[in-house]
Each structure stands twice: as C-alpha cells, then as structure tokens.
>>> print(open('structure-v4.cif').read())   # mmCIF, C-alpha atoms
data_protein
loop_
_atom_site.label_atom_id
_atom_site.label_comp_id
_atom_site.auth_asym_id
_atom_site.auth_seq_id
_atom_site.Cartn_x
_atom_site.Cartn_y
_atom_site.Cartn_z
CA MET M 1 22.89 -5.02 39.64
CA PRO M 2 21.18 -6.83 42.54
CA THR M 3 17.63 -8.03 42.15
CA THR M 4 14.96 -7.38 44.77
CA ARG M 5 15.97 -10.62 46.41
CA GLY M 6 19.60 -9.55 46.26
CA TRP M 7 18.85 -6.24 48.00
CA VAL M 8 16.94 -8.07 50.73
CA VAL M 9 19.78 -10.56 51.25
CA GLY M 10 22.38 -7.78 51.29
CA LEU M 11 20.42 -5.74 53.80
CA SER M 12 19.98 -8.83 55.95
CA ALA M 13 23.74 -9.46 55.80
CA PHE M 14 24.48 -5.96 57.12
CA LEU M 15 21.95 -6.39 59.92
CA LEU M 16 23.48 -9.73 60.90
CA ILE M 17 26.98 -8.22 60.96
CA ILE M 18 25.78 -5.30 63.14
CA LEU M 19 23.79 -7.57 65.41
CA GLY M 20 26.67 -10.05 65.77
CA THR M 21 29.07 -7.24 66.62
CA ALA M 22 26.68 -5.72 69.17
CA LEU M 23 25.96 -9.05 70.88
CA GLY M 24 29.46 -10.40 70.45
CA VAL M 25 28.17 -13.47 68.57
CA ARG M 26 30.87 -14.35 66.07
CA SER M 27 28.67 -16.86 64.18
CA LEU M 28 26.18 -14.12 63.26
CA GLN M 29 29.03 -11.98 61.93
CA GLN M 30 30.31 -14.90 59.83
CA LEU M 31 26.81 -15.57 58.44
CA GLY M 32 26.36 -11.92 57.52
CA VAL M 33 29.77 -11.76 55.81
CA GLY M 34 28.98 -14.98 53.91
CA LEU M 35 25.68 -13.63 52.62
CA LEU M 36 27.32 -10.36 51.60
CA ILE M 37 30.05 -12.22 49.69
CA LEU M 38 27.37 -14.30 47.96
CA VAL M 39 25.59 -11.18 46.69
CA VAL M 40 28.84 -9.62 45.47
CA ALA M 41 29.88 -12.87 43.76
CA ALA M 42 26.49 -13.12 42.03
CA ALA M 43 26.86 -9.58 40.67
CA ILE M 44 30.36 -10.38 39.35
CA VAL M 45 29.18 -13.58 37.68
CA VAL M 46 26.37 -11.94 35.71
CA ARG M 47 28.32 -8.77 34.80
CA HIS M 48 31.80 -10.05 34.12
CA GLY M 49 31.15 -13.60 32.96
CA LYS M 50 33.16 -15.00 30.06
CA HIS M 51 30.06 -15.75 28.00
CA ASP M 52 29.33 -14.00 24.69
CA ILE M 53 25.79 -14.57 23.43
CA GLY M 54 25.05 -14.18 19.73
CA LEU M 55 21.40 -14.12 18.68
CA THR M 56 19.59 -14.48 15.35
CA ARG M 57 15.86 -13.97 14.82
CA THR M 58 13.97 -15.41 11.83
CA VAL M 59 10.33 -14.95 10.85
CA VAL M 60 8.74 -17.64 8.67
CA PRO M 61 7.05 -16.83 6.40
CA GLU M 62 7.91 -13.18 5.86
CA ARG M 63 4.66 -12.62 3.95
CA ILE M 64 1.33 -14.08 5.06
CA SER M 65 -2.37 -13.36 4.77
CA SER M 66 -4.26 -11.97 7.73
CA GLY M 67 -5.38 -14.65 10.15
CA GLN M 68 -2.63 -17.08 9.14
CA PRO M 69 0.06 -18.16 11.64
CA VAL M 70 3.65 -16.94 11.54
CA THR M 71 6.53 -18.55 13.46
CA VAL M 72 9.28 -16.48 15.11
CA SER M 73 12.47 -18.43 15.93
CA LEU M 74 15.34 -17.27 18.13
CA LEU M 75 18.74 -18.95 17.83
CA LEU M 76 21.16 -18.20 20.70
CA LYS M 77 24.81 -19.28 20.57
CA ASN M 78 27.43 -18.87 23.30
CA ASN M 79 30.61 -17.73 21.57
CA GLY M 80 32.47 -17.09 24.83
CA ARG M 81 34.91 -19.23 26.83
CA GLY M 82 32.64 -19.70 29.84
CA PRO M 83 29.09 -20.89 30.43
CA ALA M 84 26.24 -18.41 30.40
CA PRO M 85 24.04 -18.21 33.53
CA LEU M 86 20.26 -18.34 33.62
CA MET M 87 18.76 -16.07 30.94
CA LEU M 88 15.35 -14.41 30.77
CA LEU M 89 14.34 -13.41 27.21
CA GLU M 90 11.59 -10.98 26.27
CA ASP M 91 10.88 -10.06 22.65
CA ARG M 92 8.96 -6.84 22.18
CA LEU M 93 5.74 -7.22 20.16
CA PRO M 94 3.68 -4.46 18.53
CA PRO M 95 0.43 -3.52 20.32
CA GLN M 96 -1.67 -4.95 17.46
CA LEU M 97 -0.39 -8.48 18.14
CA PRO M 98 -1.85 -10.22 21.18
CA GLY M 99 0.27 -12.17 23.65
CA ARG M 100 3.76 -11.86 25.15
CA ALA M 101 7.01 -13.46 24.07
CA ARG M 102 8.90 -14.34 27.30
CA PHE M 103 11.25 -17.29 27.82
CA ALA M 104 13.71 -18.62 30.39
CA LEU M 105 16.85 -20.58 29.42
CA HIS M 106 18.81 -22.42 32.08
CA GLY M 107 22.21 -21.38 30.80
CA ILE M 108 24.25 -22.24 27.70
CA GLU M 109 27.59 -24.02 27.87
CA ALA M 110 30.64 -22.56 26.09
CA GLY M 111 30.24 -23.11 22.34
CA GLY M 112 26.68 -24.38 22.79
CA SER M 113 23.45 -23.10 21.31
CA ARG M 114 19.72 -23.07 22.04
CA GLN M 115 16.69 -22.40 19.87
CA VAL M 116 13.26 -21.23 20.98
CA SER M 117 10.24 -20.28 18.91
CA PHE M 118 6.76 -18.90 19.35
CA GLY M 119 3.78 -18.41 17.08
CA LEU M 120 1.75 -15.34 16.19
CA ARG M 121 -1.53 -14.93 14.33
CA PRO M 122 -1.87 -11.31 13.13
CA PRO M 123 -5.55 -10.33 13.01
CA ARG M 124 -5.21 -7.71 10.28
CA ARG M 125 -3.04 -6.59 7.40
CA GLY M 126 -0.02 -4.33 7.81
CA ARG M 127 3.71 -4.25 8.38
CA PHE M 128 4.58 -5.56 11.84
CA GLN M 129 7.90 -5.15 13.65
CA ILE M 130 9.24 -7.47 16.34
CA GLY M 131 12.01 -6.45 18.69
CA PRO M 132 14.39 -5.44 19.98
CA LEU M 133 14.98 -8.48 22.17
CA GLU M 134 15.96 -7.89 25.80
CA ILE M 135 18.15 -10.48 27.57
CA ALA M 136 18.44 -10.54 31.35
CA PHE M 137 21.30 -12.67 32.82
CA VAL M 138 20.46 -13.95 36.32
CA ASP M 139 22.66 -15.91 38.71
CA PRO M 140 21.42 -19.33 39.93
CA PHE M 141 20.25 -17.85 43.26
CA GLY M 142 18.43 -14.92 41.65
CA LEU M 143 20.45 -12.35 43.61
CA ALA M 144 21.77 -10.23 40.71
CA HIS M 145 20.94 -9.60 37.09
CA THR M 146 22.07 -7.54 34.14
CA ARG M 147 20.17 -6.56 30.99
CA SER M 148 21.31 -6.24 27.39
CA ARG M 149 19.72 -6.06 23.96
CA GLY M 150 20.14 -8.85 21.44
CA ALA M 151 18.60 -9.08 17.96
CA GLN M 152 17.44 -5.88 16.36
CA ILE M 153 14.01 -5.22 14.86
CA THR M 154 12.64 -7.73 12.34
CA SER M 155 9.60 -6.90 10.20
CA PHE M 156 7.15 -8.96 8.22
CA LEU M 157 4.15 -8.21 6.00
CA VAL M 158 0.58 -9.37 6.48
CA TYR M 159 -1.47 -9.32 3.29
CA PRO M 160 -5.20 -8.56 3.20
CA ALA M 161 -7.53 -11.55 3.36
CA ILE M 162 -8.21 -12.97 -0.12
CA GLU M 163 -11.46 -14.55 -1.25
CA PRO M 164 -11.24 -16.94 -4.22
CA LEU M 165 -13.04 -15.45 -7.22
CA ALA M 166 -13.88 -16.72 -10.71
CA LEU M 167 -13.96 -14.77 -13.94
CA PRO M 168 -17.51 -13.60 -14.68
CA ARG M 169 -18.98 -14.50 -18.02
CA ASP M 170 -19.34 -12.08 -20.90
CA LEU M 171 -23.09 -11.61 -20.90
CA GLY M 172 -23.11 -10.26 -24.42
CA ARG M 173 -22.24 -13.66 -25.91
CA GLN M 174 -22.73 -15.84 -22.80
CA GLN M 175 -18.99 -16.57 -22.82
CA SER M 176 -16.29 -16.06 -20.25
CA LEU M 177 -13.92 -13.13 -20.53
CA ILE M 178 -11.11 -15.46 -21.55
CA VAL M 179 -13.18 -17.09 -24.29
CA SER M 180 -14.16 -13.63 -25.57
CA ALA M 181 -10.46 -12.83 -25.92
CA LEU M 182 -9.73 -15.75 -28.26
CA ARG M 183 -7.93 -14.96 -31.46
CA ARG M 184 -10.28 -14.66 -34.41
CA PRO M 185 -9.46 -16.22 -37.87
CA THR M 186 -7.12 -13.94 -39.80
CA GLY M 187 -6.47 -16.00 -42.90
CA ALA M 188 -3.11 -17.29 -41.74
CA GLN M 189 -2.57 -20.97 -42.37
CA GLY M 190 -0.84 -23.61 -40.22
CA GLU M 191 -0.31 -21.53 -37.06
CA GLU M 192 -2.09 -21.73 -33.71
CA PHE M 193 -1.06 -19.55 -30.78
CA TYR M 194 -2.12 -20.76 -27.36
CA THR M 195 -1.01 -21.05 -23.75
CA LEU M 196 -1.94 -23.47 -20.99
CA ARG M 197 -3.20 -22.53 -17.56
CA GLU M 198 -5.08 -24.17 -14.70
CA TYR M 199 -8.85 -24.47 -14.84
CA VAL M 200 -10.85 -21.67 -13.20
CA GLN M 201 -14.53 -22.00 -12.34
CA GLY M 202 -16.58 -20.70 -15.26
CA ASP M 203 -14.16 -21.77 -18.02
CA ASP M 204 -15.47 -23.53 -21.11
CA LEU M 205 -14.97 -27.26 -20.49
CA ARG M 206 -14.45 -27.79 -24.22
CA LYS M 207 -11.11 -26.01 -23.87
CA ILE M 208 -9.63 -28.61 -21.50
CA HIS M 209 -6.27 -29.87 -22.78
CA TRP M 210 -6.50 -33.53 -21.82
CA ALA M 211 -2.86 -34.47 -22.47
CA SER M 212 -1.60 -31.80 -20.07
CA THR M 213 -4.39 -32.60 -17.62
CA ALA M 214 -3.27 -36.23 -17.42
CA LYS M 215 0.38 -35.20 -17.01
CA ARG M 216 -0.15 -32.60 -14.28
CA ARG M 217 -3.15 -34.30 -12.61
CA THR M 218 -5.12 -31.07 -12.64
CA TYR M 219 -7.43 -29.62 -15.27
CA MET M 220 -5.52 -27.46 -17.76
CA ILE M 221 -7.23 -25.03 -20.12
CA ARG M 222 -6.07 -24.39 -23.70
CA GLN M 223 -6.16 -20.61 -23.95
CA GLU M 224 -5.97 -19.14 -27.43
CA GLU M 225 -5.62 -15.43 -27.00
CA THR M 226 -4.35 -12.17 -28.30
CA PRO M 227 -2.13 -11.01 -25.42
CA TRP M 228 -3.27 -7.40 -25.39
CA HIS M 229 -6.85 -8.54 -24.96
CA THR M 230 -6.18 -10.03 -21.55
CA ARG M 231 -5.26 -6.88 -19.68
CA ALA M 232 -6.93 -5.53 -16.59
CA THR M 233 -6.74 -2.27 -14.68
CA ILE M 234 -7.71 -2.36 -11.00
CA LEU M 235 -8.45 1.02 -9.41
CA LEU M 236 -8.75 1.39 -5.63
CA ASP M 237 -10.32 4.55 -4.24
CA ASP M 238 -8.03 5.18 -1.26
CA GLY M 239 -9.77 8.48 -0.51
CA MET M 240 -12.87 6.83 0.98
CA LEU M 241 -13.70 7.55 4.61
CA GLY M 242 -13.36 4.04 5.99
CA GLU M 243 -16.27 4.00 8.45
CA ARG M 244 -16.43 1.15 10.97
CA LEU M 245 -19.39 -0.86 12.19
CA GLY M 246 -18.45 -3.38 14.88
CA GLY M 247 -15.45 -5.32 13.60
CA SER M 248 -15.97 -4.44 9.93
CA ASN M 249 -14.41 -1.41 8.22
CA SER M 250 -15.47 -0.21 4.78
CA PHE M 251 -11.95 0.73 3.67
CA GLU M 252 -10.49 -2.54 4.93
CA ARG M 253 -13.16 -4.45 3.03
CA ALA M 254 -12.31 -2.46 -0.11
CA VAL M 255 -8.62 -3.32 0.27
CA GLU M 256 -9.44 -7.01 0.75
CA ALA M 257 -11.66 -6.94 -2.34
CA THR M 258 -8.85 -5.36 -4.36
CA ALA M 259 -6.44 -8.06 -3.21
CA SER M 260 -8.95 -10.76 -4.20
CA ILE M 261 -9.32 -9.25 -7.67
CA VAL M 262 -5.54 -8.99 -8.08
CA ASP M 263 -5.32 -12.66 -7.16
CA LEU M 264 -8.08 -13.53 -9.67
CA TYR M 265 -6.34 -11.94 -12.64
CA HIS M 266 -2.99 -13.38 -11.56
CA ARG M 267 -4.45 -16.91 -11.56
CA SER M 268 -6.12 -16.21 -14.90
CA SER M 269 -2.78 -15.24 -16.50
CA TYR M 270 -3.93 -11.68 -17.18
CA SER M 271 -1.54 -8.77 -17.37
CA SER M 272 -2.79 -6.27 -14.81
CA ARG M 273 -1.92 -2.98 -13.24
CA LEU M 274 -2.95 -1.60 -9.87
CA VAL M 275 -3.63 2.10 -9.43
CA THR M 276 -5.00 4.20 -6.58
CA ALA M 277 -6.99 7.40 -6.64
CA SER M 278 -4.17 9.19 -4.82
CA GLY M 279 -1.76 8.53 -7.70
CA VAL M 280 0.16 5.36 -6.79
CA THR M 281 0.64 3.05 -9.79
CA ILE M 282 2.07 -0.43 -10.22
CA GLU M 283 2.57 -0.75 -13.95
CA THR M 284 1.14 -3.51 -16.12
CA ALA M 285 2.85 -6.86 -15.69
CA LYS M 286 2.09 -10.45 -14.82
CA GLY M 287 3.56 -13.27 -12.77
CA ALA M 288 4.26 -13.94 -9.10
CA ASP M 289 6.66 -11.01 -8.64
CA HIS M 290 4.07 -8.57 -9.96
CA MET M 291 1.39 -10.00 -7.67
CA HIS M 292 3.70 -9.68 -4.65
CA ARG M 293 4.36 -6.02 -5.51
CA CYS M 294 0.62 -5.38 -5.62
CA LEU M 295 -0.03 -7.19 -2.35
CA ASP M 296 2.92 -5.41 -0.69
CA LEU M 297 1.23 -2.10 -1.53
CA LEU M 298 -2.17 -3.28 -0.34
CA ALA M 299 -0.68 -4.56 2.93
CA THR M 300 0.39 -1.07 4.02
CA ILE M 301 -1.94 1.30 2.17
CA GLU M 302 -3.88 3.84 4.22
CA THR M 303 -6.68 6.23 3.41
CA ALA M 304 -5.54 9.40 1.65
CA ARG M 305 -7.50 12.36 2.97
CA THR M 306 -8.60 14.92 0.38
CA GLU M 307 -8.45 18.59 1.23
CA ARG M 308 -11.65 20.57 0.93
CA GLY M 309 -12.08 22.45 -2.31
CA ARG M 310 -9.85 20.10 -4.32
CA PRO M 311 -11.29 18.04 -7.20
CA ASP M 312 -12.39 14.48 -6.58
CA PRO M 313 -9.17 12.42 -6.93
CA LEU M 314 -11.13 9.38 -8.11
CA LEU M 315 -12.63 11.38 -10.98
CA ALA M 316 -9.20 12.71 -11.94
CA ARG M 317 -7.79 9.18 -11.93
CA LEU M 318 -10.68 7.84 -14.03
CA THR M 319 -10.15 10.61 -16.56
CA GLU M 320 -6.44 9.80 -16.73
CA ILE M 321 -6.78 6.06 -17.27
CA GLN M 322 -9.70 6.50 -19.66
CA SER M 323 -7.66 8.70 -21.97
CA GLY M 324 -4.84 6.17 -22.20
CA ALA M 325 -6.78 2.92 -22.00
CA LEU M 326 -6.23 0.07 -24.41
CA ALA M 327 -9.23 -1.32 -26.24
CA GLU M 328 -10.65 -4.67 -25.13
CA GLY M 329 -9.23 -4.29 -21.61
CA THR M 330 -11.00 -4.80 -18.29
CA LEU M 331 -11.45 -2.11 -15.65
CA VAL M 332 -12.43 -2.85 -12.05
CA VAL M 333 -13.10 0.05 -9.67
CA VAL M 334 -13.23 -0.68 -5.93
CA GLY M 335 -14.28 2.01 -3.49
CA GLY M 336 -16.99 3.41 -1.28
CA SER M 337 -19.91 5.64 -2.22
CA LEU M 338 -19.17 7.16 -5.63
CA SER M 339 -20.01 10.81 -6.21
CA ALA M 340 -22.18 11.82 -9.17
CA THR M 341 -19.13 13.14 -11.04
CA ALA M 342 -17.21 9.93 -10.40
CA VAL M 343 -20.15 7.88 -11.70
CA ALA M 344 -20.17 9.97 -14.87
CA GLY M 345 -16.42 9.52 -15.26
CA LEU M 346 -16.74 5.76 -14.80
CA ALA M 347 -19.49 5.65 -17.42
CA GLN M 348 -17.12 7.35 -19.87
CA CYS M 349 -14.61 4.54 -19.36
CA ARG M 350 -17.13 2.08 -20.79
CA ARG M 351 -16.40 3.48 -24.24
CA ARG M 352 -12.77 2.33 -24.16
CA TYR M 353 -12.85 -0.79 -22.01
CA LYS M 354 -14.48 -4.03 -23.07
CA GLU M 355 -15.69 -4.79 -19.53
CA VAL M 356 -16.09 -2.43 -16.58
CA PHE M 357 -16.92 -3.59 -13.06
CA CYS M 358 -17.59 -1.59 -9.91
CA VAL M 359 -17.39 -2.93 -6.35
CA SER M 360 -18.77 -0.54 -3.76
CA PHE M 361 -18.65 -0.62 0.05
CA PRO M 362 -20.82 2.39 0.98
CA GLU M 363 -19.66 4.15 4.12
CA HIS M 364 -23.20 4.60 5.45
CA ARG M 365 -23.64 0.82 5.72
CA PHE M 366 -20.58 0.59 7.94
CA GLY M 367 -21.22 3.70 10.03
CA SER M 368 -23.37 4.32 13.08
CA GLY M 369 -25.46 7.13 11.64
CA THR M 370 -29.17 7.71 12.04
CA THR M 371 -31.77 5.70 10.20
CA ARG M 372 -32.58 8.76 8.07
CA SER M 373 -28.97 9.16 6.98
CA ARG M 374 -28.82 5.49 6.07
CA TRP M 375 -32.00 5.80 4.01
CA ASP M 376 -30.53 8.83 2.22
CA GLY M 377 -27.36 6.86 1.57
CA GLU M 378 -29.36 3.94 0.13
CA SER M 379 -31.21 6.34 -2.17
CA GLU M 380 -27.90 7.63 -3.50
CA ILE M 381 -26.70 4.05 -4.02
CA LEU M 382 -29.85 3.22 -6.00
CA GLU M 383 -29.33 6.24 -8.25
CA MET M 384 -25.68 5.24 -8.75
CA LEU M 385 -26.77 1.72 -9.72
CA ARG M 386 -29.29 3.03 -12.26
CA GLN M 387 -26.71 5.19 -13.98
CA LEU M 388 -24.01 2.51 -14.04
CA THR M 389 -26.45 -0.14 -15.26
CA ARG M 390 -27.57 2.09 -18.12
CA SER M 391 -23.90 2.42 -19.08
CA GLY M 392 -23.42 -1.37 -19.14
CA ILE M 393 -21.29 -1.45 -15.98
CA ARG M 394 -21.86 -4.44 -13.72
CA THR M 395 -21.89 -3.31 -10.11
CA ILE M 396 -22.08 -5.00 -6.75
CA VAL M 397 -22.75 -3.18 -3.47
CA LEU M 398 -21.78 -4.86 -0.22
CA GLY M 399 -22.19 -4.18 3.48
CA PRO M 400 -20.71 -5.66 6.65
CA GLU M 401 -20.25 -9.44 6.69
CA GLU M 402 -21.48 -9.84 3.09
CA SER M 403 -19.37 -12.16 0.94
CA LEU M 404 -17.55 -10.72 -2.05
CA ALA M 405 -17.14 -14.18 -3.61
CA GLN M 406 -20.88 -14.82 -3.55
CA ALA M 407 -21.75 -11.43 -5.01
CA TRP M 408 -18.97 -11.62 -7.61
CA GLY M 409 -20.13 -15.06 -8.71
CA SER M 410 -23.66 -13.72 -9.22
CA LEU M 411 -22.44 -11.24 -11.86
CA SER M 412 -22.73 -13.92 -14.55
CA ALA M 413 -26.26 -14.97 -13.59
CA ALA M 414 -27.77 -11.72 -12.34
CA GLY M 415 -27.84 -10.01 -15.72
CA ARG M 416 -27.02 -6.34 -15.76
CA ARG M 417 -29.00 -5.52 -12.64
CA GLY M 418 -26.02 -3.71 -11.23
CA GLY M 419 -25.74 -5.58 -7.97
CA GLU M 420 -29.33 -5.03 -6.84
CA ARG M 421 -29.40 -8.43 -5.15
CA SER M 422 -26.63 -7.31 -2.83
CA TRP M 423 -28.45 -4.38 -1.29
CA GLU M 424 -31.83 -6.16 -1.32
CA ARG M 425 -30.43 -8.67 1.18
CA LYS M 426 -30.10 -6.01 3.89
CA PRO M 427 -33.06 -6.74 6.23
CA GLU M 428 -32.69 -3.61 8.32
CA LEU M 429 -33.41 -1.44 5.25
CA ALA M 430 -36.31 -3.55 3.95
#
>>> encode(input="structure-v4.cif", output="structure tokens")
Amino acid sequence: MPTTRGWVVGLSAFLLIILGTALGVRSLQQLGVGLLILVVAAAIVVRHGKHDIGLTRTVVPERISSGQPVTVSLLLKNNGRGPAPLMLLEDRLPPQLPGRARFALHGIEAGGSRQVSFGLRPPRRGRFQIGPLEIAFVDPFGLAHTRSRGAQITSFLVYPAIEPLALPRDLGRQQSLIVSALRRPTGAQGEEFYTLREYVQGDDLRKIHWASTAKRRTYMIRQEETPWHTRATILLDDGMLGERLGGSNSFERAVEATASIVDLYHRSSYSSRLVTASGVTIETAKGADHMHRCLDLLATIETARTERGRPDPLLARLTEIQSGALAEGTLVVVGGSLSATAVAGLAQCRRRYKEVFCVSFPEHRFGSGTTRSRWDGESEILEMLRQLTRSGIRTIVLGPEESLAQAWGSLSAAGRRGGERSWERKPELA
C-alpha cells in the first residue's frame, strides 16, 4: 500500500491532471499522469516482486547469567528470481529488555544474503522471548510499502547472578567439609579410592596432587571420599513474600543465593538435589547437566502464594526431607523470615544431617515499613538466630546490597554465632 509520501504524491498527481485539464496545459496533465504511474509502479514492485526472503534468527548463548551480554543474529537470504527492494526490519523485544531492534537493508540481489546482529544485556533472570520479526518492503522512492512477518519467536534463558563461594570449614574438627568426608581406615589393604578435582578456597593444601597440577597447570586436589558422604540438599522457600527496597528484592536475592550454592556444590563435585517449599524437586545428581536443570528452574521460578489457613509449606517440606535424609549429608535452607514452627522443624533436621546451614533474607529489611515494624522484625530474627545457634545450625542473615560471598566466607571464622555479624552491620538499626 502507499506510504504517506505515496499518498501525497498521488493526490498531487490528481490535482495536476485536474488543473492541466481546466487550464488546457498539456504538460501539467503529462506530469500528473507520470507521477500517478510512478506510485502505481512502486506499489506493484513491493507487492508483486519476484523476491522470496528467508530468515533465520539465532541467539548466542541461549543461557546466560543476568547482566551478561547476548547476541541476536538475523540471516536473510533471497531465494527468489528477482532482487528485493529496500527492507526495514523490526524485531519485537519484551518490555523487560531496553532498546529497540530496527534495521534498514538496501535490497538483496537474487540468491544473495545479508546478516545483521544486535546485542542485549538482560538486567534480571527469566525466560525472554524475541519476535516475531516484521519486514517492511519499500520501493527506492519511498512511495509504497508492504509488511510481512519473518522469523517466529525465539526464547532464551537468563540465569540468576552467581557469587563465587567456598566450602566452609567443619568447625568441630577445624577441617573442611570435604576433608571431613574422607574415607576412614577399614582394615582393607592395598586399595585407595580417590578422585581429582580443582582446588577450591579453603581446601587442605596437603591434599594437592602435584603430578596432575603440573599437567593441567591448575591446582588439583586429591579427594578421598565415601561418595554418599558428599551429598547436599538445597531447599528454597518459594513462599516468601519478596518485598522490594529500591532495586533489591528479597525473593530475588534468595534465588541468587540458591544459584550460588548450587554452583558451589557443583564445583566441589558434590551430588546435590534442589527442592522448593511448594513441592518442586530436582533429584540428586551431579555434573553439568544436573546444574543446568537446577539453574533452568531458578531462572523462571516465582513466588508461590500460600492460602490462609493452610500449614506452612516450608515446615511440611522440612518434615518430609528430614524423615528421608541420608546421614552425613549437608542441608542448606534459603528463604526469608522463618516462622517459629519452621525454625523448630529445621532444628530437627540437625539430627540427621551432618551440617545444616540457613541463609535468610528477612522481608522487613527489604520493605518500606515503619521503624517499629522493622525493630519487631529484627527482634524475631534475633530469636530465630538464638534457637538455630543452640541447635548447631550456622546461619547468616542478609539485607539489601550485602554480599553473600563475604558472609558465607565468614562461616568458618565466625564460630557458631549464627550470622550475628551480618545483622550487626546494619547502621540504621544500631
């Protein structure tokens, strides 16, 4: 159909024809007819051209962490017998992604191809969809255009941000969790079971395998272990409220912390499983595929609202995993403000698990409530810390902009103070 310019030129052509006829000026009539033919020819070129455009969209990489760049490439190929006119391309982006993807291509010859690309930097986790792509064919004079849709929707995943963590030491023997899982002498002669893995901060330097270190040019640790000792269960409370203060959200921080812990146990060659309070479970496994399954879930997980009058789903989940837990395992619970019943249920898990950790992002620290409500929330957090500390559960409590890596690293040196250093750093509550 004609563009705005095309309508103006067409209207001018009719006026020239009428004016030339009324004044008897043949040249005006010829000019008007010429302009009218030009508009009609432009419409025929863009609508009935012999071009056939094929389009392919690729997103690289298909999985990234939040804040990292992703490249979207568009490959256009003219499969028709004639050249394609000027093309205007616009790829539809989701509202969460800033910017616009608009391009102009000055035609493609028959059998030719063109490739264009643009970059995106997603600010948060989630599944994002790009497309469909709209192609507008325009004649060289800009008098007519026609629109069509090219590539369909393409999606990609953005993982939560991951902070590098190190295994905390076993404070009972001043050894790391991996060293505490070493196989004890059993009387067998002439057999040593061990695996090799990369060095992680906090490992015993006496366990470095120098031959493999020289070969791979990175520190390798000789890990003697009983496989069922190195198992971890990571529980995310997806029923928390998810209050927001500025650009920080308590639930988002909890998801990022869970992803960081999943990454920690993956790098440490642990077998791990990821469970949520709402009932989603990724069974125990290890390796890159298992980690990707966990991160795929964390990329799209949302808060699960609990109906009034129903039991606390976190407590029910703790009771379930406590009854079927394997001895010598590790349990990490990530959530918001734990209720008194959930704290009691978590304390019960200490009987079956060798190590139990709790990472809390209290909603009142991320909300915009009154000072009194924040003080009441801090009092509840202090009581939670006292109970968990008495049960031998190491706990850290974090607010907006506080680093998980720094607080997690202090677990080895802070004793069993239950994360007190975390909340003491909040100046507005001092």
>>> atom_distance(input="structure-v4.cif", atom1="CA of Pro2 in chain M", atom2="CA of Arg100 in chain M")
25.1 Å
>>> closest_residue(input="structure-v4.cif", among="M:Val116, M:Ala285, M:Ile130, M:Leu35", to="Pro95 in chain M", atoms="only C-alpha atoms")
M:Ile130
>>> atom_distance(input="structure-v4.cif", atom1="CA of Ala344 in chain M", atom2="CA of Leu388 in chain M")
8.4 Å
>>> resolve_selection(input="structure-v4.cif", expression="the PyMOL selection byres ((chain M and resi 74) around 6)", output="ChimeraX atom specification")
/M:56-57,73,75,115-117
>>> residues_around(input="structure-v4.cif", residues="range 66-72 of chain M", least_positions_apart="3", cutoff="7 Å", atoms="only C-alpha atoms", output="list in words")
Thr58, Val59, Val60, Pro61, Ser117, Phe118, Gly119, Leu120, Arg121, Pro122, Pro123, Arg124, Arg125, Val158, Tyr159, Pro160 and Ala161 of chain M
>>> write_last_selection(input="structure-v4.cif", atoms="C-alpha atoms", output="PDB file, in the frame of the given file")
ATOM      1  CA  THR M  58      13.970 -15.410  11.830  1.00  0.00           C
ATOM      2  CA  VAL M  59      10.330 -14.950  10.850  1.00  0.00           C
ATOM      3  CA  VAL M  60       8.740 -17.640   8.670  1.00  0.00           C
ATOM      4  CA  PRO M  61       7.050 -16.830   6.400  1.00  0.00           C
ATOM      5  CA  SER M 117      10.240 -20.280  18.910  1.00  0.00           C
ATOM      6  CA  PHE M 118       6.760 -18.900  19.350  1.00  0.00           C
ATOM      7  CA  GLY M 119       3.780 -18.410  17.080  1.00  0.00           C
ATOM      8  CA  LEU M 120       1.750 -15.340  16.190  1.00  0.00           C
ATOM      9  CA  ARG M 121      -1.530 -14.930  14.330  1.00  0.00           C
ATOM     10  CA  PRO M 122      -1.870 -11.310  13.130  1.00  0.00           C
ATOM     11  CA  PRO M 123      -5.550 -10.330  13.010  1.00  0.00           C
ATOM     12  CA  ARG M 124      -5.210  -7.710  10.280  1.00  0.00           C
ATOM     13  CA  ARG M 125      -3.040  -6.590   7.400  1.00  0.00           C
ATOM     14  CA  VAL M 158       0.580  -9.370   6.480  1.00  0.00           C
ATOM     15  CA  TYR M 159      -1.470  -9.320   3.290  1.00  0.00           C
ATOM     16  CA  PRO M 160      -5.200  -8.560   3.200  1.00  0.00           C
ATOM     17  CA  ALA M 161      -7.530 -11.550   3.360  1.00  0.00           C
TER      18      ALA M 161
END
>>> closest_residue(input="structure-v4.cif", among="M:Arg47, M:Arg386, M:Lys207, M:Arg352", to="Arg222 in chain M", atoms="only C-alpha atoms")
M:Lys207
>>> atom_distance(input="structure-v4.cif", atom1="CA of Arg92 in chain M", atom2="CA of Val255 in chain M")
28.3 Å
